[in-house]
Structure formats: structure tokens, C-alpha cells
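Okay, start-v4.txt now, which holds compact mmCIF, C-alpha atoms:
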# COMPACT_ATOMS: atom_id res chain seq x y z
CA MET S 5 0.00 0.00 0.00
CA ARG S 6 1.21 3.49 -0.80
CA MET S 7 -0.06 5.70 1.94
CA SER S 8 0.39 9.40 1.72
CA LEU S 9 0.05 12.05 4.37
CA PHE S 10 -0.01 15.81 4.24
CA GLY S 11 2.28 18.10 6.14
CA ARG S 12 4.27 21.24 6.32
CA LYS S 13 7.92 22.09 5.89
CA ILE S 14 9.45 23.48 9.06
CA GLY S 15 13.00 24.03 7.90
CA MET S 16 16.41 22.50 7.52
CA THR S 17 19.14 21.70 10.01
CA GLN S 18 21.80 19.09 10.54
CA ILE S 19 22.12 16.15 12.87
CA PHE S 20 24.87 13.67 13.62
CA SER S 21 24.54 10.10 12.43
CA GLU S 22 25.44 7.13 14.60
CA LYS S 23 28.88 7.15 13.03
CA GLY S 24 29.30 10.79 13.95
CA ASN S 25 28.94 12.16 10.44
CA VAL S 26 26.85 15.21 9.69
CA LEU S 27 23.53 14.58 7.97
CA PRO S 28 21.63 17.45 6.33
CA VAL S 29 17.97 17.00 7.25
CA THR S 30 14.66 18.69 6.56
CA VAL S 31 12.21 18.83 9.44
CA LEU S 32 8.65 18.08 8.34
CA GLU S 33 5.49 18.41 10.35
CA VAL S 34 3.43 15.47 9.14
CA GLY S 35 -0.20 15.09 10.02
CA PRO S 36 -2.21 14.29 11.96
CA CYS S 37 -4.52 13.86 8.99
CA MET S 38 -8.22 13.18 9.45
CA VAL S 39 -10.14 10.90 7.11
CA VAL S 40 -12.95 13.08 5.82
CA GLN S 41 -14.41 10.71 3.25
CA VAL S 42 -13.86 7.16 2.12
CA LYS S 43 -14.42 6.48 -1.57
CA THR S 44 -15.45 2.97 -2.51
CA PRO S 45 -15.51 1.17 -5.86
CA GLU S 46 -19.26 0.57 -5.48
CA LYS S 47 -20.13 4.20 -4.97
CA ASN S 48 -17.36 6.15 -6.67
CA SER S 49 -15.95 3.46 -9.01
CA TYR S 50 -12.51 3.82 -7.43
CA SER S 51 -11.15 3.50 -3.95
CA ALA S 52 -9.46 6.28 -2.03
CA VAL S 53 -9.47 8.17 1.23
CA GLN S 54 -9.95 11.89 1.39
CA LEU S 55 -7.68 13.41 4.01
CA GLY S 56 -7.82 16.77 5.70
CA PHE S 57 -4.82 18.55 7.21
CA GLY S 58 -4.30 21.83 9.02
CA ASP S 59 -7.00 23.48 11.11
CA VAL S 60 -8.85 26.48 9.75
CA LYS S 61 -11.53 28.71 11.25
CA GLU S 62 -15.04 27.53 10.55
CA ARG S 63 -16.12 30.86 9.05
CA ARG S 64 -13.32 30.59 6.46
CA VAL S 65 -14.94 27.49 4.99
CA THR S 66 -17.83 27.62 2.55
CA LYS S 67 -21.20 26.35 3.73
CA PRO S 68 -21.23 23.24 1.52
CA LEU S 69 -17.77 22.26 2.77
CA ARG S 70 -18.83 22.91 6.36
CA GLY S 71 -21.54 20.31 5.87
CA HIS S 72 -19.01 17.93 4.33
CA PHE S 73 -16.76 18.19 7.39
CA LYS S 74 -19.70 17.92 9.75
CA LYS S 75 -20.80 14.69 8.11
CA ALA S 76 -17.40 13.18 8.88
CA GLY S 77 -17.34 14.65 12.38
CA VAL S 78 -14.12 16.51 11.65
CA SER S 79 -13.26 20.14 12.34
CA PRO S 80 -12.73 22.24 9.16
CA LYS S 81 -9.36 21.67 7.48
CA ALA S 82 -7.23 23.84 5.24
CA ILE S 83 -6.16 21.11 2.89
CA LEU S 84 -8.40 18.41 1.45
CA ALA S 85 -6.82 15.84 -0.80
CA GLU S 86 -7.17 12.22 -1.76
CA THR S 87 -4.90 9.24 -1.55
CA ARG S 88 -5.68 6.44 -3.94
CA LEU S 89 -5.83 2.94 -2.49
CA VAL S 90 -5.89 -0.58 -3.87
CA PRO S 91 -9.60 -1.58 -4.11
CA GLY S 92 -10.61 -3.29 -0.89
CA GLU S 93 -8.16 -1.41 1.29
CA GLU S 94 -10.64 1.38 1.87
CA LYS S 95 -12.45 -0.92 4.31
CA ASN S 96 -9.67 -0.29 6.83
CA TYR S 97 -10.61 3.37 7.03
CA GLN S 98 -13.56 5.25 8.41
CA ALA S 99 -14.53 8.89 8.22
CA GLY S 100 -13.29 10.73 11.30
CA GLN S 101 -10.28 8.45 11.74
CA GLU S 102 -6.95 10.06 12.57
CA ILE S 103 -3.76 9.06 10.73
CA LYS S 104 -0.50 10.06 12.31
CA ALA S 105 3.14 10.27 11.32
CA ASP S 106 3.86 6.92 12.97
CA ILE S 107 2.81 5.11 9.78
CA PHE S 108 6.35 5.96 8.66
CA LYS S 109 9.37 4.33 10.25
CA LYS S 110 13.00 5.29 10.52
CA GLY S 111 14.84 4.05 7.44
CA ASP S 112 11.77 4.16 5.17
CA ARG S 113 11.99 5.93 1.84
CA VAL S 114 9.46 8.58 0.89
CA ASP S 115 8.60 10.85 -2.02
CA VAL S 116 7.83 14.43 -1.06
CA THR S 117 5.70 16.64 -3.30
CA GLY S 118 5.32 20.37 -2.92
CA ILE S 119 5.18 23.65 -4.76
CA SER S 120 8.66 24.98 -5.52
CA ILE S 121 9.61 28.54 -4.60
CA GLY S 122 8.55 30.89 -7.42
CA ARG S 123 11.27 32.96 -9.10
CA GLY S 124 8.98 34.70 -11.55
CA PHE S 125 10.05 35.32 -15.14
CA ALA S 126 13.71 34.37 -15.03
CA GLY S 127 16.42 34.72 -17.65
CA VAL S 128 18.41 31.84 -19.10
CA MET S 129 21.36 32.34 -16.75
CA LYS S 130 19.25 31.85 -13.66
CA ARG S 131 16.76 29.41 -15.13
CA HIS S 132 19.05 27.10 -17.07
CA GLY S 133 22.52 27.98 -15.81
CA PHE S 134 23.74 29.49 -19.09
CA HIS S 135 27.01 31.34 -18.85
CA GLY S 136 25.98 34.61 -20.48
CA HIS S 137 28.38 36.73 -22.43
CA LYS S 138 31.61 38.55 -21.78
CA ALA S 139 31.37 41.68 -19.67
CA SER S 140 33.72 43.64 -21.95
CA HIS S 141 35.44 43.39 -25.36
CA GLY S 142 32.61 45.04 -27.20
CA THR S 143 29.68 43.17 -25.70
CA HIS S 144 26.57 45.26 -25.44
CA GLU S 145 22.92 44.65 -24.65
CA SER S 146 23.37 40.87 -24.34
CA LYS S 147 25.50 40.18 -21.29
CA ARG S 148 22.98 37.80 -19.76
CA GLY S 149 21.30 36.62 -22.92
CA LEU S 150 21.43 33.28 -24.66
CA GLY S 151 23.67 32.75 -27.72
CA ALA S 152 22.12 31.37 -30.87
CA SER S 153 18.69 29.79 -30.76
CA GLY S 154 19.19 27.62 -33.82
CA ALA S 155 20.41 27.47 -37.42
CA CYS S 156 19.36 29.80 -40.23
CA ALA S 157 17.54 28.81 -43.45
CA THR S 158 17.38 25.18 -42.37
CA PRO S 159 15.16 24.64 -40.43
CA SER S 160 14.17 28.34 -40.50
CA ARG S 161 12.39 27.98 -37.19
CA VAL S 162 13.33 27.48 -33.56
CA TYR S 163 13.02 23.91 -32.38
CA LYS S 164 10.55 23.11 -29.66
CA GLY S 165 12.02 22.72 -26.20
CA ARG S 166 14.73 25.32 -26.83
CA LYS S 167 15.85 26.58 -23.40
CA MET S 168 14.76 30.18 -23.09
CA ALA S 169 13.73 32.71 -20.47
CA GLY S 170 10.40 32.16 -18.76
CA GLN S 171 8.55 31.32 -15.58
CA MET S 172 10.79 29.61 -13.05
CA GLY S 173 9.56 27.82 -9.97
CA ASN S 174 6.07 27.88 -8.47
CA THR S 175 5.40 24.47 -9.99
CA ARG S 176 4.55 21.12 -8.47
CA VAL S 177 7.80 19.25 -7.81
CA THR S 178 8.38 15.78 -6.39
CA VAL S 179 11.65 14.78 -4.76
CA MET S 180 11.90 11.02 -4.78
CA ASN S 181 13.39 8.40 -2.52
CA LEU S 182 14.28 10.50 0.51
CA GLU S 183 15.43 8.55 3.53
CA ILE S 184 13.62 9.05 6.82
CA VAL S 185 16.27 9.69 9.45
CA ASP S 186 14.01 10.03 12.46
CA VAL S 187 10.30 9.92 13.37
CA ARG S 188 8.90 11.65 16.43
CA PRO S 189 5.19 10.79 16.34
CA GLU S 190 4.43 12.49 19.66
CA LYS S 191 5.22 15.80 17.99
CA ASN S 192 4.08 14.77 14.47
CA ILE S 193 7.58 15.33 13.17
CA ILE S 194 9.72 13.39 10.74
CA LEU S 195 13.24 14.19 9.60
CA VAL S 196 14.19 13.36 6.03
CA LYS S 197 17.67 13.41 4.60
CA GLY S 198 18.11 16.15 2.03
CA ALA S 199 16.00 19.02 0.79
CA VAL S 200 12.32 19.18 -0.16
CA PRO S 201 10.57 21.61 -2.51
CA GLY S 202 9.04 24.85 -1.36
CA TRP S 203 9.28 27.41 1.34
CA LYS S 204 9.04 27.03 5.11
CA THR S 205 5.45 26.36 6.23
CA GLY S 206 4.70 25.24 2.64
CA PHE S 207 2.26 22.35 2.24
CA LEU S 208 3.70 18.99 1.29
CA GLN S 209 2.51 15.53 0.40
CA ILE S 210 4.62 12.75 1.88
CA LYS S 211 4.21 9.40 0.14
CA THR S 212 5.75 6.00 0.51
CA SER S 213 8.40 5.92 -2.19
CA VAL S 214 7.64 4.27 -5.54
CA LYS S 215 11.30 3.43 -6.03
CA THR S 216 11.86 1.79 -2.67
CA LYS S 217 11.76 -1.76 -3.97
CA LYS S 218 14.37 -1.07 -6.60
CA THR S 219 16.96 0.27 -4.18
CA LYS S 220 19.55 -2.26 -3.17
CA LYS S 221 19.58 -3.45 0.39
CA LYS S 222 22.96 -3.20 2.02
CA MET P 11 14.33 29.83 13.63
CA SER P 12 11.50 27.59 14.56
CA ASN P 13 11.35 26.24 18.12
CA ILE P 14 11.19 22.70 16.84
CA ILE P 15 14.46 23.11 14.98
CA LYS P 16 16.05 24.73 18.02
CA GLU P 17 14.99 21.76 20.09
CA ILE P 18 16.41 19.28 17.62
CA GLU P 19 19.70 21.15 17.46
CA LYS P 20 19.90 21.39 21.22
CA SER P 21 19.53 17.64 21.53
CA GLN P 22 22.48 17.24 19.16
CA MET P 23 24.75 19.69 20.91
CA LYS P 24 27.21 19.03 23.70
CA SER P 25 26.21 20.31 27.10
CA ARG P 26 29.46 22.14 27.54
CA ILE P 27 32.55 22.97 25.56
CA LEU P 28 35.80 24.26 27.00
CA SER P 29 35.93 28.02 26.80
CA PHE P 30 38.71 29.35 24.61
CA THR P 31 39.12 32.27 22.29
CA VAL P 32 40.96 33.12 19.10
CA GLY P 33 44.69 33.28 19.81
CA ASP P 34 44.72 30.43 22.32
CA THR P 35 46.55 27.21 21.65
CA ILE P 36 44.41 24.14 22.21
CA LYS P 37 44.77 20.41 21.84
CA VAL P 38 41.84 18.56 20.31
CA SER P 39 41.55 14.81 20.45
CA PHE P 40 39.32 13.31 17.82
CA LYS P 41 38.25 9.89 16.68
CA ILE P 42 39.55 8.49 13.43
CA LEU P 43 38.51 5.28 11.73
CA GLU P 44 41.19 2.85 10.67
CA GLY P 45 39.47 0.01 8.90
CA ASP P 46 37.03 -1.12 11.55
CA LYS P 47 38.95 0.22 14.51
CA GLU P 48 38.48 3.59 16.05
CA ARG P 49 41.28 5.42 17.75
CA LEU P 50 41.94 8.84 19.15
CA GLN P 51 44.31 11.28 17.58
CA ALA P 52 45.29 14.67 18.92
CA PHE P 53 45.93 17.87 17.05
CA GLN P 54 47.47 20.87 18.75
CA GLY P 55 47.44 24.31 17.22
CA THR P 56 46.66 27.98 17.52
CA VAL P 57 43.01 28.95 17.17
CA ILE P 58 42.98 31.24 14.16
CA ALA P 59 39.21 31.36 13.61
CA ARG P 60 35.98 30.43 15.28
CA LYS P 61 33.07 30.34 12.86
CA GLY P 62 29.37 29.65 12.96
CA SER P 63 27.11 29.35 15.94
CA GLY P 64 25.11 26.72 17.73
CA ILE P 65 25.39 23.28 16.20
CA ASN P 66 27.38 24.68 13.31
CA GLU P 67 30.25 26.15 15.28
CA THR P 68 33.71 25.28 13.99
CA VAL P 69 37.22 26.09 15.06
CA THR P 70 40.24 26.37 12.78
CA LEU P 71 43.58 25.32 14.26
CA ARG P 72 46.94 26.11 12.71
CA ARG P 73 50.30 24.69 13.53
CA ILE P 74 53.68 24.38 11.88
CA SER P 75 54.48 20.74 11.32
CA HIS P 76 57.91 19.81 9.89
CA GLY P 77 58.28 23.35 8.57
CA GLU P 78 54.95 23.21 6.79
CA GLY P 79 51.85 25.08 7.92
CA VAL P 80 48.93 22.74 8.65
CA GLU P 81 45.36 23.82 9.31
CA ARG P 82 42.45 21.72 10.47
CA VAL P 83 38.84 22.64 10.96
CA PHE P 84 36.86 20.94 13.74
CA LEU P 85 33.11 20.90 14.22
CA LEU P 86 32.95 21.56 17.94
CA ASN P 87 29.70 19.71 18.58
CA SER P 88 30.63 16.65 16.57
CA PRO P 89 30.70 13.40 18.54
CA LYS P 90 33.96 12.67 16.76
CA VAL P 91 35.62 15.54 18.59
CA GLY P 92 36.55 14.47 22.07
CA LYS P 93 38.50 16.21 24.78
CA ILE P 94 39.72 19.76 24.24
CA GLN P 95 42.65 20.99 26.32
CA LEU P 96 43.84 24.54 26.71
CA ILE P 97 47.61 24.64 26.30
CA LYS P 98 48.43 28.32 25.89
CA THR P 99 46.56 31.57 26.01
CA GLY P 100 47.39 34.47 23.74
CA SER P 101 45.84 37.86 23.32
CA THR P 102 44.93 39.28 19.97
CA ARG P 103 43.09 42.27 18.51
CA LYS P 104 41.57 40.40 15.61
CA ALA P 105 38.80 37.83 15.39
CA LYS P 106 40.47 35.95 12.54
CA LEU P 107 44.22 35.39 12.56
CA TYR P 108 44.59 34.60 8.87
CA TYR P 109 47.61 36.92 8.76
CA LEU P 110 49.57 34.21 10.57
CA ARG P 111 49.62 32.29 7.29
CA ASP P 112 52.07 34.81 5.87
CA LYS P 113 54.28 34.99 8.94
CA VAL P 114 57.19 32.70 9.71
CA GLY P 115 59.15 32.04 12.88
CA LYS P 116 59.22 34.72 15.55
CA LYS P 117 56.80 36.93 13.64
CA ALA P 118 54.14 34.24 13.92
CA ARG P 119 53.96 34.71 17.68
CA LEU P 120 51.11 36.35 19.52
CA LYS P 121 51.19 38.81 22.40
CA ASP P 122 51.12 37.56 25.97
CA GLU P 123 51.48 33.93 25.10
CA LYS P 124 51.35 32.00 28.31
CA HIS P 125 51.36 28.30 29.09
CA VAL P 126 48.43 27.18 31.14
CA ALA P 127 48.79 23.48 30.50
CA GLY P 128 49.81 22.90 34.08
CA LEU P 129 46.60 24.37 35.32
CA MET P 130 44.44 22.43 32.96
CA GLU P 131 46.31 19.16 32.98
CA GLU P 132 43.55 17.15 34.56
CA ASP P 133 40.44 16.49 32.60
CA ALA P 134 40.02 19.86 30.99
CA GLU P 135 36.49 19.21 29.93
CA SER P 136 35.23 18.56 33.42
CA GLU P 137 37.13 21.51 34.82
CA ALA P 138 35.86 23.88 32.21
CA PRO P 139 33.31 26.27 33.66
CA GLU P 140 29.83 25.46 32.54
CA LYS P 141 28.89 28.01 29.99
CA ASN P 142 26.52 28.95 27.30
CA LEU P 143 28.28 29.42 23.98
CA GLU P 144 26.51 32.69 23.43
CA ALA P 145 27.54 34.08 26.83
CA GLY P 146 30.49 36.07 25.62
CA GLU P 147 30.94 37.91 28.90
CA LYS P 148 31.27 34.76 30.89
CA GLU P 149 33.85 33.52 28.48
CA VAL P 150 35.97 36.61 29.02
CA THR P 151 35.82 36.46 32.80
CA SER P 152 36.72 32.81 32.94
CA LYS P 153 39.67 33.51 30.71
CA THR P 154 41.04 36.29 32.85
CA GLU P 155 40.81 34.04 35.85
CA GLU P 156 42.89 31.47 34.11
CA LYS P 157 45.52 34.06 33.37
CA LYS P 158 45.86 35.03 37.01

Just give me the structure of the file as C-alpha cells.
Amino acid sequence: MRMSLFGRKIGMTQIFSEKGNVLPVTVLEVGPCMVVQVKTPEKNSYSAVQLGFGDVKERRVTKPLRGHFKKAGVSPKAILAETRLVPGEEKNYQAGQEIKADIFKKGDRVDVTGISIGRGFAGVMKRHGFHGHKASHGTHESKRGLGASGACATPSRVYKGRKMAGQMGNTRVTVMNLEIVDVRPEKNIILVKGAVPGWKTGFLQIKTSVKTKKTKKK
Amino acid sequence: MSNIIKEIEKSQMKSRILSFTVGDTIKVSFKILEGDKERLQAFQGTVIARKGSGINETVTLRRISHGEGVERVFLLNSPKVGKIQLIKTGSTRKAKLYYLRDKVGKKARLKDEKHVAGLMEEDAESEAPEKNLEAGEKEVTSKTEEKK
């Protein structure tokens, strides 16, 4: 089963491993998530659980959603999202149930999805790491520009996918196969090795890794 | 910084670290791995820089070994860094003594260098006054006491 939970990024720090080496870690606040709705193959033709994370004032929620939360017996949540399940598994869940960070264990691998920090309309040097042009020797008006964007009469157009300036960041990004270094379920905190997308307090989805089985066991 | 991160860092930090300042000469014993075996090695040198704060704090030691300048950087809170002994104190007007890299022989000395190894010979770590790393004042007073 691939369970996913929702959480928040708290920030990065470093801890010492058992061998005494420094590990860069990201601190994530994960859950507790409440099951707001269970979707069954009979009723919805697929199986999933709808999870809610992060408390929000009741008056900030629309009236129809307020009823939706009330039906599940859950206080209004800021984030509502689904996790797909294998058909049949949805029977293990009930609306109003709480799922905590302790479903993850130390040493597990997870995929973390979030919205990357937006950089706006960025040039090619920032967006793609181009080197730009010389600062002197006659260069003008193109110090940070790209060089050529293609050949001339053939093909007399610019190929698709040419790296150019444009919107950078503020997109959905998944970082895969991050190792869980520590789980502290009493505080709903997990530490993962490495960085995750987005800003501090940004919402994240933490999933059991899809690549876990392929990684070699030492 | 978030309280949660502070808490995590605090749990990783040592409860106390010997107080010393830039210009002192200290001896650091640290663990090194040889195959499967661990053993302690010591490095003695002048403190030429102290960088970072909290869990990130490092110290740069410089010494002349076989006529060649050697510098090592130690992460003070690392479990690999063991006992720290104060060997000499020295006064300085700079926070970073990078100028020592260009000096040789007698010019590479510091003012008021004084051996204190005798005083600190027993377990320096246990004798070190308990202190908060941020408490700069306390550090200064403890140092003047040592000088007396």
C-alpha cells in the first residue's frame, strides 16, 4: 500500500549520524490527517481516502464544505486531498479516523511533493545555468542573454524545447526516494535526509516511495 | 528559527565545551577510523578562527608541522571531537588570525602567550566552567581568571 500524508515544511538543520557524520535533514510536520471521506468502488468506481490537514476557522470554509466536514465529524481543514488505495483497502478506514506520522518508520523511503519557490520570469542564466556573455570586449545589450537559438535557413524555425527565459519555480515538484532519518510521532515530526521543494510552512505531500523496492539493500 | 528546529539542534549539541578564544593554543583529540577500529588522535594548534554558531560552530587550528603550515577545521559539537585541552593563552586584537599564514618564525607569535597546560592538565572538559556558547561575557571572565 502506498499511503500518503499531508504536512508542512518546518526548515532544515543538521544532525549527527550514529557514526558521527553530519547529515543534512529537513524537518517536516506530518499530520495528523483526518479521514474526511472514504471512496469505494461501489459508490465512486474507485477507492481512495480523502484526508484533511491543518485546522482552519469555521467561518473561512464555505457552507457546503462545512456540511461535508460535519458529516465526517471533523473540524474544518485547510487542505483536502485524496490518496488512492488498492480496491478493498478502503475498508480499513472510516470517516473521522486520525492518521499520524507513525505510519512511517525510521529508514523508510518517501517521495515528497510540494510547490517549488517561485522565481517569476527568469532569464536563461538563472533558469538554465547558461554562462551569459563577456562583460567587456565590445559586448553590449546581451550580457545575460542566450547565444544562438538555432540554425538559419534550415530549419528556418526554432526547435521546440529550446531553453529560453520564462517562468521559473512555483510548480509542483516531487523529490523522490528520501530517507527518513528520524520519526517523532508524539510531535508529528519526521526528519528526512536532504532538501524538499518549497518554502518554510509550505504544504507537502509525503508518500511511501515508488522506487523503494528497486533500491539495493545493504 | 523555529522552536522545533532549536529543540532538535539542542539535543544534538554538547552540554558544555571548553571556553577558549581566538589566539589560544588548544589540543583537540578526535576519533579516526582505521578500517574497523576507532582510535583517538590529537591535534594541537593555535586557534585562528571560530566560525558559525550553535550546532554549526567550527574552530580552525593552525600549527607548523615539519616546517609546513597545517590547518584543520573541527566541528565543535561533533561526537567525533573528544577532549579539548587549553595549552596556551594568547591575546589578539583580531577575530580571525589569517595573517599568521604569511608569517614565519618569531613573527608568527602572539602577544602575551602563556602556558596554562599545568593548570588544565587534569580532565580539561570537566574543569571547564559550565557556559553557554553565546555568553560572551562569561567567556571573558573565565579567561582572565585562568591568566591570574

At most 9 Å to chain S: residues in chain P, all atoms listed in the file, as a ChimeraX atom specification | /P:11-12,14-15,18-19,22,65-66,88-90

Find the spatial neighbours of stretch 29-44 of chain P, counting all atoms listed in the file, within a cut-off of 8 Å - ignore same-chain residues fewer than 4 positions away - and output them as a VMD selection string.
-> chain P and resid 48 to 60 90 to 102 105 to 107 120 138 to 139 141 149 152 to 153

Between P:Glu78, P:Arg103, P:Leu71, P:Leu28, single out the one closest to P:Lys121, counting all atoms listed in the file.
->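 Of P:Glu78, P:Arg103, P:Leu71, P:Leu28, the one nearest P:Lys121, counting all atoms listed in the file, is P:Arg103.
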
Any idea what the distance is between atom CA of S:Lys211 and atom CA of S:Ser49?
->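 Between these atoms lies a distance of 22.9 Å.
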
Near-S:Ile83 list (7 Å; all atoms listed in the file; drop same-chain fewer than 4 positions) as a ChimeraX atom specification = /S:56-58

Could you please take those selected residues and save C-alpha atoms as a short mmCIF file (atom, residue, chain, number, x, y, z; two decimals), in the frame of the given file?
data_model
loop_
_atom_site.label_atom_id
_atom_site.label_comp_id
_atom_site.auth_asym_id
_atom_site.auth_seq_id
_atom_site.Cartn_x
_atom_site.Cartn_y
_atom_site.Cartn_z
CA GLY S 56 -7.82 16.77 5.70
CA PHE S 57 -4.82 18.55 7.21
CA GLY S 58 -4.30 21.83 9.02
#

Computed interatomic separation between atom CA of S:Lys81 and atom CA of S:Gly206 (Å) |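 Rounded to one decimal, the two atoms are 15.3 Å apart.
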
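Among the candidates P:Lys24, P:Arg73, P:Lys16, P:Lys104, the residue lying nearest to P:Leu86 is P:Lys24 (atoms considered: only C-alpha atoms).
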
At what distance in Å, to one decimal, does atom CA of S:Lys215 lie from atom CA of S:Lys13?
-> 22.4 Å

Applying 7 Å and all atoms listed in the file, which residues near S:Pro36 remain after dropping the ones on its own chain fewer than 2 positions away? List them as a PDB file with C-alpha atoms, keeping the file's coordinate frame.
ATOM      1  CA  VAL S  34       3.430  15.470   9.140  1.00  0.00           C
ATOM      2  CA  MET S  38      -8.220  13.180   9.450  1.00  0.00           C
ATOM      3  CA  PHE S  57      -4.820  18.550   7.210  1.00  0.00           C
ATOM      4  CA  GLU S 102      -6.950  10.060  12.570  1.00  0.00           C
ATOM      5  CA  ILE S 103      -3.760   9.060  10.730  1.00  0.00           C
ATOM      6  CA  LYS S 104      -0.500  10.060  12.310  1.00  0.00           C
ATOM      7  CA  ALA S 105       3.140  10.270  11.320  1.00  0.00           C
ATOM      8  CA  ASN S 192       4.080  14.770  14.470  1.00  0.00           C
TER       9      ASN S 192
END

Once N, CA, C and O atoms are restored for stretch 11-33 of chain S, what would the output be as an mmCIF file, keeping the file's coordinate frame?
data_model
loop_
_atom_site.group_PDB
_atom_site.id
_atom_site.type_symbol
_atom_site.label_atom_id
_atom_site.label_comp_id
_atom_site.auth_asym_id
_atom_site.auth_seq_id
_atom_site.Cartn_x
_atom_site.Cartn_y
_atom_site.Cartn_z
ATOM 1 N N GLY S 11 1.515 17.456 5.075
ATOM 2 C CA GLY S 11 2.280 18.100 6.140
ATOM 3 C C GLY S 11 2.804 19.439 5.706
ATOM 4 O O GLY S 11 2.385 20.012 4.705
ATOM 5 N N ARG S 12 3.714 19.912 6.509
ATOM 6 C CA ARG S 12 4.270 21.240 6.320
ATOM 7 C C ARG S 12 5.770 21.151 6.462
ATOM 8 O O ARG S 12 6.282 20.359 7.245
ATOM 9 N N LYS S 13 6.473 22.024 5.719
ATOM 10 C CA LYS S 13 7.920 22.090 5.890
ATOM 11 C C LYS S 13 8.227 23.048 7.039
ATOM 12 O O LYS S 13 7.674 24.150 7.098
ATOM 13 N N ILE S 14 9.079 22.616 7.946
ATOM 14 C CA ILE S 14 9.450 23.480 9.060
ATOM 15 C C ILE S 14 10.786 24.147 8.793
ATOM 16 O O ILE S 14 10.983 25.318 9.079
ATOM 17 N N GLY S 15 11.718 23.429 8.214
ATOM 18 C CA GLY S 15 13.000 24.030 7.900
ATOM 19 C C GLY S 15 14.086 22.981 7.870
ATOM 20 O O GLY S 15 13.825 21.800 8.085
ATOM 21 N N MET S 16 15.302 23.432 7.609
ATOM 22 C CA MET S 16 16.410 22.500 7.520
ATOM 23 C C MET S 16 17.389 22.699 8.665
ATOM 24 O O MET S 16 17.513 23.781 9.219
ATOM 25 N N THR S 17 18.077 21.622 9.011
ATOM 26 C CA THR S 17 19.140 21.700 10.010
ATOM 27 C C THR S 17 20.075 20.534 9.743
ATOM 28 O O THR S 17 20.040 19.935 8.677
ATOM 29 N N GLN S 18 20.934 20.250 10.708
ATOM 30 C CA GLN S 18 21.800 19.090 10.540
ATOM 31 C C GLN S 18 21.823 18.302 11.824
ATOM 32 O O GLN S 18 21.654 18.851 12.912
ATOM 33 N N ILE S 19 21.976 16.990 11.682
ATOM 34 C CA ILE S 19 22.120 16.150 12.870
ATOM 35 C C ILE S 19 23.318 15.236 12.652
ATOM 36 O O ILE S 19 23.834 15.129 11.537
ATOM 37 N N PHE S 20 23.738 14.580 13.721
ATOM 38 C CA PHE S 20 24.870 13.670 13.620
ATOM 39 C C PHE S 20 24.366 12.246 13.507
ATOM 40 O O PHE S 20 23.469 11.837 14.242
ATOM 41 N N SER S 21 24.935 11.494 12.575
ATOM 42 C CA SER S 21 24.540 10.100 12.430
ATOM 43 C C SER S 21 25.203 9.280 13.528
ATOM 44 O O SER S 21 25.989 9.796 14.312
ATOM 45 N N GLU S 22 24.854 7.987 13.561
ATOM 46 C CA GLU S 22 25.440 7.130 14.600
ATOM 47 C C GLU S 22 26.957 7.059 14.468
ATOM 48 O O GLU S 22 27.672 6.883 15.438
ATOM 49 N N LYS S 23 27.438 7.187 13.236
ATOM 50 C CA LYS S 23 28.880 7.150 13.030
ATOM 51 C C LYS S 23 29.550 8.477 13.349
ATOM 52 O O LYS S 23 30.767 8.599 13.313
ATOM 53 N N GLY S 24 28.735 9.484 13.618
ATOM 54 C CA GLY S 24 29.300 10.790 13.950
ATOM 55 C C GLY S 24 29.416 11.714 12.762
ATOM 56 O O GLY S 24 29.981 12.786 12.878
ATOM 57 N N ASN S 25 28.887 11.282 11.608
ATOM 58 C CA ASN S 25 28.940 12.160 10.440
ATOM 59 C C ASN S 25 27.748 13.114 10.437
ATOM 60 O O ASN S 25 26.706 12.823 11.016
ATOM 61 N N VAL S 26 27.922 14.217 9.748
ATOM 62 C CA VAL S 26 26.850 15.210 9.690
ATOM 63 C C VAL S 26 25.857 14.827 8.594
ATOM 64 O O VAL S 26 26.256 14.492 7.481
ATOM 65 N N LEU S 27 24.572 14.840 8.953
ATOM 66 C CA LEU S 27 23.530 14.580 7.970
ATOM 67 C C LEU S 27 22.696 15.840 7.782
ATOM 68 O O LEU S 27 22.186 16.389 8.753
ATOM 69 N N PRO S 28 22.543 16.328 6.540
ATOM 70 C CA PRO S 28 21.630 17.450 6.330
ATOM 71 C C PRO S 28 20.196 16.932 6.335
ATOM 72 O O PRO S 28 19.875 15.988 5.604
ATOM 73 N N VAL S 29 19.343 17.505 7.165
ATOM 74 C CA VAL S 29 17.970 17.000 7.250
ATOM 75 C C VAL S 29 16.972 18.136 7.104
ATOM 76 O O VAL S 29 17.251 19.281 7.417
ATOM 77 N N THR S 30 15.789 17.766 6.584
ATOM 78 C CA THR S 30 14.660 18.690 6.560
ATOM 79 C C THR S 30 13.660 18.228 7.599
ATOM 80 O O THR S 30 13.348 17.035 7.678
ATOM 81 N N VAL S 31 13.190 19.162 8.410
ATOM 82 C CA VAL S 31 12.210 18.830 9.440
ATOM 83 C C VAL S 31 10.818 19.048 8.854
ATOM 84 O O VAL S 31 10.522 20.124 8.331
ATOM 85 N N LEU S 32 9.995 17.998 8.884
ATOM 86 C CA LEU S 32 8.650 18.080 8.340
ATOM 87 C C LEU S 32 7.638 17.834 9.457
ATOM 88 O O LEU S 32 7.800 16.916 10.257
ATOM 89 N N GLU S 33 6.613 18.674 9.469
ATOM 90 C CA GLU S 33 5.490 18.410 10.350
ATOM 91 C C GLU S 33 4.506 17.595 9.527
ATOM 92 O O GLU S 33 4.006 18.076 8.510
#
